[in-house]
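Engineer: Supplied structure: start_27.cif, mmCIF, C-alpha atoms.
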data_my_file
#
loop_
_atom_site.group_PDB
_atom_site.id
_atom_site.type_symbol
_atom_site.label_atom_id
_atom_site.label_comp_id
_atom_site.auth_asym_id
_atom_site.auth_seq_id
_atom_site.Cartn_x
_atom_site.Cartn_y
_atom_site.Cartn_z
ATOM 1 C CA MET A 17 297.253 154.029 -40.174
ATOM 2 C CA GLN A 18 298.837 151.712 -37.595
ATOM 3 C CA ASN A 19 296.725 150.868 -34.586
ATOM 4 C CA ALA A 20 297.782 152.708 -31.486
ATOM 5 C CA SER A 21 300.137 150.548 -29.497
ATOM 6 C CA ALA A 22 300.074 150.219 -25.745
ATOM 7 C CA ILE A 23 303.851 150.624 -25.950
ATOM 8 C CA GLU A 24 304.651 154.274 -25.410
ATOM 9 C CA HIS A 25 308.415 154.392 -25.761
ATOM 10 C CA PRO A 26 309.698 151.694 -28.136
ATOM 11 C CA ALA A 27 313.097 153.340 -28.528
ATOM 12 C CA ALA A 28 313.603 153.596 -24.761
ATOM 13 C CA ILE A 29 312.672 149.945 -24.245
ATOM 14 C CA ALA A 30 315.102 148.821 -26.935
ATOM 15 C CA GLN A 31 317.811 151.011 -25.420
ATOM 16 C CA ASN A 32 317.230 149.688 -21.897
ATOM 17 C CA TYR A 33 317.266 146.148 -23.224
ATOM 18 C CA VAL A 34 320.609 146.632 -24.930
ATOM 19 C CA GLU A 35 322.004 148.206 -21.763
ATOM 20 C CA VAL A 36 321.243 144.980 -19.928
ATOM 21 C CA TRP A 37 323.311 143.048 -22.460
ATOM 22 C CA ASN A 38 326.177 145.539 -22.149
ATOM 23 C CA GLU A 39 326.288 145.732 -18.347
ATOM 24 C CA THR A 40 329.179 143.582 -17.154
ATOM 25 C CA ASP A 41 328.947 144.543 -13.467
ATOM 26 C CA GLY A 42 327.001 141.652 -11.961
ATOM 27 C CA ALA A 43 325.006 143.627 -9.383
ATOM 28 C CA ARG A 44 324.113 146.408 -11.806
ATOM 29 C CA ARG A 45 323.170 143.898 -14.501
ATOM 30 C CA ARG A 46 320.855 142.036 -12.154
ATOM 31 C CA SER A 47 319.227 145.288 -11.112
ATOM 32 C CA LEU A 48 318.693 146.291 -14.746
ATOM 33 C CA ILE A 49 317.276 142.852 -15.558
ATOM 34 C CA GLU A 50 314.670 143.212 -12.803
ATOM 35 C CA ARG A 51 313.724 146.641 -14.113
ATOM 36 C CA VAL A 52 313.509 145.676 -17.779
ATOM 37 C CA PHE A 53 312.089 142.141 -17.609
ATOM 38 C CA ALA A 54 309.033 140.651 -15.912
ATOM 39 C CA PRO A 55 309.906 137.966 -13.311
ATOM 40 C CA GLN A 56 308.999 134.970 -15.512
ATOM 41 C CA ALA A 57 310.297 136.568 -18.715
ATOM 42 C CA SER A 58 311.615 134.179 -21.336
ATOM 43 C CA TYR A 59 314.232 134.595 -24.039
ATOM 44 C CA THR A 60 314.652 132.419 -27.130
ATOM 45 C CA ASP A 61 316.959 132.955 -30.085
ATOM 46 C CA PRO A 62 318.675 130.469 -32.388
ATOM 47 C CA LEU A 63 321.613 130.060 -29.983
ATOM 48 C CA MET A 64 320.260 130.647 -26.459
ATOM 49 C CA GLN A 65 317.159 130.083 -24.378
ATOM 50 C CA SER A 66 316.309 130.996 -20.795
ATOM 51 C CA ALA A 67 313.472 132.068 -18.502
ATOM 52 C CA GLY A 68 313.369 133.901 -15.194
ATOM 53 C CA TYR A 69 315.826 136.398 -13.712
ATOM 54 C CA ASP A 70 318.496 133.888 -12.644
ATOM 55 C CA ALA A 71 318.613 132.134 -15.999
ATOM 56 C CA LEU A 72 318.468 135.382 -17.993
ATOM 57 C CA ASP A 73 321.329 136.767 -15.928
ATOM 58 C CA ALA A 74 323.457 133.624 -16.369
ATOM 59 C CA MET A 75 322.747 133.558 -20.122
ATOM 60 C CA ILE A 76 323.711 137.197 -20.591
ATOM 61 C CA ALA A 77 326.856 136.792 -18.470
ATOM 62 C CA ALA A 78 327.870 133.815 -20.618
ATOM 63 C CA ALA A 79 327.285 135.814 -23.812
ATOM 64 C CA GLN A 80 329.405 138.651 -22.433
ATOM 65 C CA ALA A 81 332.220 136.208 -21.663
ATOM 66 C CA GLN A 82 331.999 134.799 -25.191
ATOM 67 C CA PHE A 83 331.960 138.237 -26.830
ATOM 68 C CA ALA A 84 334.253 140.074 -24.395
ATOM 69 C CA GLY A 85 335.047 143.627 -25.446
ATOM 70 C CA LEU A 86 332.092 143.865 -27.836
ATOM 71 C CA ARG A 87 329.011 145.954 -27.271
ATOM 72 C CA PHE A 88 325.409 145.723 -28.403
ATOM 73 C CA SER A 89 323.738 148.729 -29.974
ATOM 74 C CA VAL A 90 320.244 149.388 -31.289
ATOM 75 C CA THR A 91 320.143 149.871 -35.059
ATOM 76 C CA GLY A 92 317.504 151.156 -37.427
ATOM 77 C CA ARG A 93 314.017 151.979 -36.317
ATOM 78 C CA GLN A 94 311.825 150.332 -33.705
ATOM 79 C CA ASP A 95 308.178 149.574 -34.398
ATOM 80 C CA ALA A 96 305.421 148.506 -32.062
ATOM 81 C CA HIS A 97 301.756 147.550 -32.223
ATOM 82 C CA HIS A 98 299.425 146.129 -29.602
ATOM 83 C CA ASP A 99 301.790 144.681 -26.963
ATOM 84 C CA VAL A 100 304.659 143.744 -29.284
ATOM 85 C CA LEU A 101 307.806 145.602 -30.183
ATOM 86 C CA ARG A 102 310.328 144.915 -32.928
ATOM 87 C CA PHE A 103 313.839 146.283 -32.972
ATOM 88 C CA SER A 104 317.192 145.447 -34.508
ATOM 89 C CA TRP A 105 320.623 145.393 -32.929
ATOM 90 C CA ALA A 106 324.265 144.975 -33.798
ATOM 91 C CA LEU A 107 327.165 143.512 -31.851
ATOM 92 C CA GLY A 108 330.679 144.777 -32.388
ATOM 93 C CA VAL A 109 333.231 147.432 -31.646
ATOM 94 C CA GLU A 110 332.438 151.039 -32.397
ATOM 95 C CA ALA A 111 332.992 152.271 -35.955
ATOM 96 C CA ALA A 112 333.717 148.751 -37.251
ATOM 97 C CA GLU A 113 331.545 146.305 -39.183
ATOM 98 C CA PRO A 114 329.439 144.427 -36.576
ATOM 99 C CA ILE A 115 330.253 140.756 -36.079
ATOM 100 C CA ALA A 116 326.567 139.910 -35.608
ATOM 101 C CA CYS A 117 323.199 141.567 -36.201
ATOM 102 C CA GLY A 118 319.727 140.527 -35.210
ATOM 103 C CA THR A 119 316.086 141.449 -34.877
ATOM 104 C CA ASP A 120 314.198 140.835 -31.654
ATOM 105 C CA ILE A 121 310.463 140.662 -31.044
ATOM 106 C CA ALA A 122 309.556 141.643 -27.466
ATOM 107 C CA GLU A 123 306.171 141.073 -25.877
ATOM 108 C CA MET A 124 305.457 143.604 -23.168
ATOM 109 C CA THR A 125 303.484 143.392 -19.940
ATOM 110 C CA PRO A 126 300.885 146.093 -19.183
ATOM 111 C CA ASP A 127 303.372 147.632 -16.714
ATOM 112 C CA GLY A 128 305.942 148.084 -19.484
ATOM 113 C CA ARG A 129 308.323 145.226 -18.800
ATOM 114 C CA ILE A 130 309.437 142.575 -21.259
ATOM 115 C CA ALA A 131 307.578 139.283 -20.842
ATOM 116 C CA ARG A 132 309.108 137.408 -23.746
ATOM 117 C CA VAL A 133 311.805 137.903 -26.349
ATOM 118 C CA THR A 134 311.985 135.955 -29.600
ATOM 119 C CA GLY A 135 315.221 136.756 -31.378
ATOM 120 C CA PHE A 136 316.370 136.161 -34.940
ATOM 121 C CA LEU A 137 319.856 136.530 -36.377
ATOM 122 C CA ASP A 138 320.244 138.702 -39.462
ATOM 123 C CA LYS A 139 323.997 138.171 -39.501
ATOM 124 C CA MET A 140 325.449 135.172 -37.665
ATOM 125 C CA PRO A 141 328.330 135.682 -35.219
ATOM 126 C CA SER A 142 331.547 135.283 -37.203
ATOM 127 C CA MET B 21 325.651 127.035 -35.561
ATOM 128 C CA GLN B 22 321.889 127.552 -35.258
ATOM 129 C CA ASN B 23 320.081 125.101 -33.013
ATOM 130 C CA ALA B 24 318.120 122.527 -34.917
ATOM 131 C CA SER B 25 314.576 123.724 -35.311
ATOM 132 C CA ALA B 26 311.536 121.516 -34.977
ATOM 133 C CA ILE B 27 310.336 123.211 -38.153
ATOM 134 C CA GLU B 28 311.328 121.042 -41.077
ATOM 135 C CA HIS B 29 310.090 123.006 -44.055
ATOM 136 C CA PRO B 30 310.073 126.764 -43.395
ATOM 137 C CA ALA B 31 309.741 127.649 -47.078
ATOM 138 C CA ALA B 32 306.760 125.348 -47.546
ATOM 139 C CA ILE B 33 305.001 126.761 -44.486
ATOM 140 C CA ALA B 34 305.502 130.328 -45.703
ATOM 141 C CA GLN B 35 304.267 129.339 -49.162
ATOM 142 C CA ASN B 36 301.154 127.610 -47.794
ATOM 143 C CA TYR B 37 300.449 130.598 -45.590
ATOM 144 C CA VAL B 38 300.599 133.005 -48.505
ATOM 145 C CA GLU B 39 298.328 130.699 -50.520
ATOM 146 C CA VAL B 40 295.682 131.117 -47.836
ATOM 147 C CA TRP B 41 295.842 134.891 -48.250
ATOM 148 C CA ASN B 42 295.597 134.569 -52.035
ATOM 149 C CA GLU B 43 292.710 132.062 -52.160
ATOM 150 C CA THR B 44 289.547 133.993 -52.978
ATOM 151 C CA ASP B 45 287.269 130.961 -53.328
ATOM 152 C CA GLY B 46 285.542 130.786 -49.947
ATOM 153 C CA ALA B 47 285.357 127.012 -49.622
ATOM 154 C CA ARG B 48 288.934 126.455 -50.762
ATOM 155 C CA ARG B 49 290.197 129.222 -48.496
ATOM 156 C CA ARG B 50 288.471 127.730 -45.469
ATOM 157 C CA SER B 51 289.898 124.319 -46.275
ATOM 158 C CA LEU B 52 293.413 125.793 -46.588
ATOM 159 C CA ILE B 53 292.972 127.693 -43.312
ATOM 160 C CA GLU B 54 292.130 124.482 -41.484
ATOM 161 C CA ARG B 55 295.167 122.788 -42.967
ATOM 162 C CA VAL B 56 297.623 125.615 -42.270
ATOM 163 C CA PHE B 57 296.383 126.951 -38.917
ATOM 164 C CA ALA B 58 295.655 125.301 -35.581
ATOM 165 C CA PRO B 59 292.007 125.693 -34.470
ATOM 166 C CA GLN B 60 292.639 128.452 -31.919
ATOM 167 C CA ALA B 61 295.329 130.164 -33.996
ATOM 168 C CA SER B 62 295.638 133.900 -33.558
ATOM 169 C CA TYR B 63 296.819 136.632 -35.887
ATOM 170 C CA THR B 64 297.962 140.124 -34.903
ATOM 171 C CA ASP B 65 299.520 142.792 -37.089
ATOM 172 C CA PRO B 66 299.373 146.587 -36.865
ATOM 173 C CA LEU B 67 296.091 146.698 -38.815
ATOM 174 C CA MET B 68 294.248 143.448 -38.063
ATOM 175 C CA GLN B 69 293.664 140.974 -35.269
ATOM 176 C CA SER B 70 291.715 137.729 -35.123
ATOM 177 C CA ALA B 71 291.658 134.268 -33.559
ATOM 178 C CA GLY B 72 290.031 130.985 -34.578
ATOM 179 C CA TYR B 73 289.060 129.720 -38.033
ATOM 180 C CA ASP B 74 285.910 131.828 -38.462
ATOM 181 C CA ALA B 75 287.611 135.097 -37.516
ATOM 182 C CA LEU B 76 290.763 134.330 -39.515
ATOM 183 C CA ASP B 77 288.631 133.556 -42.566
ATOM 184 C CA ALA B 78 286.573 136.743 -42.207
ATOM 185 C CA MET B 79 289.709 138.836 -41.705
ATOM 186 C CA ILE B 80 291.429 137.415 -44.788
ATOM 187 C CA ALA B 81 288.278 137.814 -46.896
ATOM 188 C CA ALA B 82 288.084 141.463 -45.827
ATOM 189 C CA ALA B 83 291.731 142.025 -46.716
ATOM 190 C CA GLN B 84 291.153 140.450 -50.126
ATOM 191 C CA ALA B 85 288.197 142.777 -50.724
ATOM 192 C CA GLN B 86 290.332 145.761 -49.737
ATOM 193 C CA PHE B 87 293.255 144.725 -51.932
ATOM 194 C CA ALA B 88 291.314 143.156 -54.807
ATOM 195 C CA GLY B 89 293.506 142.065 -57.704
ATOM 196 C CA LEU B 90 296.679 142.043 -55.649
ATOM 197 C CA ARG B 91 298.559 138.951 -54.584
ATOM 198 C CA PHE B 92 300.827 138.084 -51.693
ATOM 199 C CA SER B 93 304.185 136.472 -52.358
ATOM 200 C CA VAL B 94 306.984 135.235 -50.118
ATOM 201 C CA THR B 95 310.149 137.309 -50.422
ATOM 202 C CA GLY B 96 313.710 136.765 -49.261
ATOM 203 C CA ARG B 97 314.697 133.891 -47.071
ATOM 204 C CA GLN B 98 312.816 132.172 -44.282
ATOM 205 C CA ASP B 99 314.505 131.316 -41.007
ATOM 206 C CA ALA B 100 313.361 129.143 -38.146
ATOM 207 C CA HIS B 101 314.563 128.058 -34.733
ATOM 208 C CA HIS B 102 312.840 126.119 -31.965
ATOM 209 C CA ASP B 103 309.116 126.443 -32.797
ATOM 210 C CA VAL B 104 309.254 129.872 -34.467
ATOM 211 C CA LEU B 105 309.524 130.837 -38.113
ATOM 212 C CA ARG B 106 310.243 134.214 -39.680
ATOM 213 C CA PHE B 107 309.465 135.096 -43.248
ATOM 214 C CA SER B 108 308.840 138.195 -45.323
ATOM 215 C CA TRP B 109 306.160 138.872 -47.894
ATOM 216 C CA ALA B 110 305.098 141.431 -50.454
ATOM 217 C CA LEU B 111 301.669 142.456 -51.704
ATOM 218 C CA GLY B 112 301.208 143.736 -55.232
ATOM 219 C CA VAL B 113 300.824 142.860 -58.872
ATOM 220 C CA GLU B 114 303.489 140.783 -60.581
ATOM 221 C CA ALA B 115 306.582 142.585 -61.872
ATOM 222 C CA ALA B 116 305.593 145.886 -60.220
ATOM 223 C CA GLU B 117 306.817 147.549 -57.032
ATOM 224 C CA PRO B 118 304.798 146.011 -54.155
ATOM 225 C CA ILE B 119 302.296 148.287 -52.427
ATOM 226 C CA ALA B 120 303.083 146.742 -49.037
ATOM 227 C CA CYS B 121 305.762 144.506 -47.515
ATOM 228 C CA GLY B 122 305.960 142.831 -44.155
ATOM 229 C CA THR B 123 307.660 140.311 -41.931
ATOM 230 C CA ASP B 124 305.684 137.720 -40.009
ATOM 231 C CA ILE B 125 306.695 135.630 -37.011
ATOM 232 C CA ALA B 126 304.795 132.332 -36.864
ATOM 233 C CA GLU B 127 304.728 130.033 -33.854
ATOM 234 C CA MET B 128 304.156 126.434 -34.857
ATOM 235 C CA THR B 129 302.388 123.542 -33.133
ATOM 236 C CA PRO B 130 304.193 120.192 -32.833
ATOM 237 C CA ASP B 131 301.987 118.891 -35.683
ATOM 238 C CA GLY B 132 303.268 121.608 -38.012
ATOM 239 C CA ARG B 133 300.372 124.054 -37.996
ATOM 240 C CA ILE B 134 300.526 127.740 -37.228
ATOM 241 C CA ALA B 135 299.386 128.576 -33.682
ATOM 242 C CA ARG B 136 300.097 132.277 -33.742
ATOM 243 C CA VAL B 137 301.208 134.946 -36.179
ATOM 244 C CA THR B 138 302.694 138.286 -35.155
ATOM 245 C CA GLY B 139 303.081 140.505 -38.199
ATOM 246 C CA PHE B 140 305.053 143.678 -38.780
ATOM 247 C CA LEU B 141 304.879 146.031 -41.729
ATOM 248 C CA ASP B 142 308.149 146.896 -43.484
ATOM 249 C CA LYS B 143 306.336 149.039 -46.041
ATOM 250 C CA MET B 144 302.868 150.358 -45.201
ATOM 251 C CA PRO B 145 300.019 149.869 -47.695
ATOM 252 C CA SER B 146 300.022 152.901 -49.956
#
Just give me the structure as structure tokens.
Structural biologist:
Amino acid sequence: MQNASAIEHPAAIAQNYVEVWNETDGARRRSLIERVFAPQASYTDPLMQSAGYDALDAMIAAAQAQFAGLRFSVTGRQDAHHDVLRFSWALGVEAAEPIACGTDIAEMTPDGRIARVTGFLDKMPS
Amino acid sequence: MQNASAIEHPAAIAQNYVEVWNETDGARRRSLIERVFAPQASYTDPLMQSAGYDALDAMIAAAQAQFAGLRFSVTGRQDAHHDVLRFSWALGVEAAEPIACGTDIAEMTPDGRIARVTGFLDKMPS
């Protein structure tokens, strides 16, 4: 019943996205960012906002410093239609209650990179 | 902890939006649409897509014909940050299990009208 989406692999996109947030090696993180995001990609959630590779990279590095030792994981199902993708994530240590959860809406470019993320928090960082 | 949002009354916006979907009188619906949406506003969910007052009105009228006798209601909480608002809704008859549920992301204009809706279905129409 859902319209076919141009997004072929929602789960893979969500997984790649979370890998960016988990990659603490600066060079590898930058390389992942350039693979996953379009050059002018923007990110907005209740706590952070940035646009472009340099700013995305600095924002993610700052989040990693704030939440050192924690990892992001994809939770639940991903759904996509047209050029938009929705997925949920959790932040925490394995096998423990996550300290934060959220749902992100990603708009994709025709070449399969993220052009824009709008994030919402389902559980605020404690 | 959340950044202040430019959106002052998320609950009222969600309520007004749902009223548009429930208004079956053509003239009143059009008047509500022009109050709630910006002129070039667009709507995209897995099943429908439209932009501009005429297309929004035709799309909503078609949905009402398809789901005659059912009403939309706002469910759960609404949350907003920057110029975006998230809210969830249900479609059904009062006091019965809804036939469909969804979550919409609305981008607002500075004058408080909806510029863009991206909708997701949490429960598909049965």
Engineer: Care to translate the PyMOL selection byres ((chain A and resi 35-43) around 8) into actual residues of this file, as a list in words?
Structural biologist: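 Checked against the file, the PyMOL selection byres ((chain A and resi 35-43) around 8) matches Gln31, Asn32, Tyr33, Val34, Arg44, Arg45, Arg46, Ser47, Leu48, Ile49, Ile76, Ala77, Gln80, Arg87 and Phe88 of chain A.
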Engineer: Taking only C-alpha atoms into account, name the residue in A:Thr125, A:Ser58, A:Gln82, A:Gln65 that is nearest to chain B.
Structural biologist: A:Gln65
Engineer: Between CA of Leu141 (chain B) and CA of Asp124 (chain B), what distance in Å does the model show, to one decimal?
Structural biologist: 8.5 Å
Engineer: Within 9 Å of chain A, which residues of chain B come that close, and what is the closest atom pair and distance in Å for each? Count all atoms listed in the file and give it as JSON lines.
Structural biologist:
{"residue": "B:Met21", "atom": "CA", "partner": "A:Leu63", "partner_atom": "CA", "distance": 7.5}
{"residue": "B:Gln22", "atom": "CA", "partner": "A:Pro62", "partner_atom": "CA", "distance": 5.2}
{"residue": "B:Asn23", "atom": "CA", "partner": "A:Pro62", "partner_atom": "CA", "distance": 5.6}
{"residue": "B:Ala24", "atom": "CA", "partner": "A:Pro62", "partner_atom": "CA", "distance": 8.4}
{"residue": "B:Ser25", "atom": "CA", "partner": "A:Pro62", "partner_atom": "CA", "distance": 8.4}
{"residue": "B:Thr64", "atom": "CA", "partner": "A:His98", "partner_atom": "CA", "distance": 8.1}
{"residue": "B:Asp65", "atom": "CA", "partner": "A:His97", "partner_atom": "CA", "distance": 7.2}
{"residue": "B:Pro66", "atom": "CA", "partner": "A:Gln18", "partner_atom": "CA", "distance": 5.2}
{"residue": "B:Leu67", "atom": "CA", "partner": "A:Gln18", "partner_atom": "CA", "distance": 5.8}
{"residue": "B:Met68", "atom": "CA", "partner": "A:Asn19", "partner_atom": "CA", "distance": 8.6}
{"residue": "B:Asp99", "atom": "CA", "partner": "A:Phe136", "partner_atom": "CA", "distance": 8.0}
{"residue": "B:Ala100", "atom": "CA", "partner": "A:Pro62", "partner_atom": "CA", "distance": 7.9}
{"residue": "B:His101", "atom": "CA", "partner": "A:Pro62", "partner_atom": "CA", "distance": 5.3}
{"residue": "B:His102", "atom": "CA", "partner": "A:Pro62", "partner_atom": "CA", "distance": 7.3}
{"residue": "B:Val104", "atom": "CA", "partner": "A:Thr134", "partner_atom": "CA", "distance": 8.3}
{"residue": "B:Arg106", "atom": "CA", "partner": "A:Phe136", "partner_atom": "CA", "distance": 8.0}
{"residue": "B:Ile125", "atom": "CA", "partner": "A:Ile121", "partner_atom": "CA", "distance": 8.7}
{"residue": "B:Thr138", "atom": "CA", "partner": "A:Val100", "partner_atom": "CA", "distance": 8.3}
{"residue": "B:Phe140", "atom": "CA", "partner": "A:Arg102", "partner_atom": "CA", "distance": 8.0}
{"residue": "B:Leu141", "atom": "CA", "partner": "A:Asp95", "partner_atom": "CA", "distance": 8.8}
{"residue": "B:Met144", "atom": "CA", "partner": "A:Met17", "partner_atom": "CA", "distance": 8.4}
Engineer: Let me see the file: selected residues, C-alpha atoms, as a JSON list (two decimals), in the frame of the given file.
Structural biologist:
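What landed in selection_36.json:
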[["chain", "number", "residue", "atom", "x", "y", "z"],
["B", 21, "MET", "CA", 325.65, 127.04, -35.56],
["B", 22, "GLN", "CA", 321.89, 127.55, -35.26],
["B", 23, "ASN", "CA", 320.08, 125.10, -33.01],
["B", 24, "ALA", "CA", 318.12, 122.53, -34.92],
["B", 25, "SER", "CA", 314.58, 123.72, -35.31],
["B", 64, "THR", "CA", 297.96, 140.12, -34.90],
["B", 65, "ASP", "CA", 299.52, 142.79, -37.09],
["B", 66, "PRO", "CA", 299.37, 146.59, -36.86],
["B", 67, "LEU", "CA", 296.09, 146.70, -38.82],
["B", 68, "MET", "CA", 294.25, 143.45, -38.06],
["B", 99, "ASP", "CA", 314.50, 131.32, -41.01],
["B", 100, "ALA", "CA", 313.36, 129.14, -38.15],
["B", 101, "HIS", "CA", 314.56, 128.06, -34.73],
["B", 102, "HIS", "CA", 312.84, 126.12, -31.96],
["B", 104, "VAL", "CA", 309.25, 129.87, -34.47],
["B", 106, "ARG", "CA", 310.24, 134.21, -39.68],
["B", 125, "ILE", "CA", 306.70, 135.63, -37.01],
["B", 138, "THR", "CA", 302.69, 138.29, -35.16],
["B", 140, "PHE", "CA", 305.05, 143.68, -38.78],
["B", 141, "LEU", "CA", 304.88, 146.03, -41.73],
["B", 144, "MET", "CA", 302.87, 150.36, -45.20]]
Engineer: Got a sec: who's within 8 Å of Tyr73 (chain B), counting only C-alpha atoms, leaving out chain neighbours fewer than 4 positions off, as a list in words?
Structural biologist: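 Contacts, with the query itself left out: Arg50, Ile53, Glu54, Phe57, Pro59, Gln60, Ala61 and Asp77 of chain B.
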Engineer: Quick check, in Å to one decimal: how far apart do CA of Gly92 (chain A) and CA of Pro26 (chain A) lie?
Structural biologist: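 These two atoms are separated by 12.1 Å.
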Engineer: Take every atom of region 85-99 of chain A listed in the file, fit an axis-aligned box around them, add 3 Å per side, and give the centre and edge lengths in Å to one decimal as lines of an AutoDock Vina configuration file.
Structural biologist:
center_x = 317.2
center_y = 147.8
center_z = -31.4
size_x = 41.6
size_y = 14.4
size_z = 18.0
Engineer: So which residues touch Val90 (chain A) within 9 Å, counting all atoms listed in the file, skipping near sequence neighbours fewer than 6 positions away, as a list in words?
Structural biologist: Ala27, Ala30, Gln31, Val34, Phe103, Ser104, Trp105 and Ala106 of chain A
Engineer: Tell me, in Å to one decimal, how far CA of Tyr63 (chain B) is from CA of Ala67 (chain A).
Structural biologist: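 These atoms are spaced 24.5 Å apart.
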Engineer: Go through B:Leu90, B:Ala85, B:Val56, B:Val113 one by one, measure the shortest atom-to-atom distance of each to Met128 (chain B) using all atoms listed in the file, and give the residue with the smallest value.
Structural biologist: B:Val56
Engineer: Could you name the residues that touch Gly128 (chain A) at 9 Å or less, counting only C-alpha atoms, but leaving out those on the same chain fewer than 6 positions away, as an MDAnalysis selection string?
Structural biologist: chainID A and resid 22:24 29 52:54
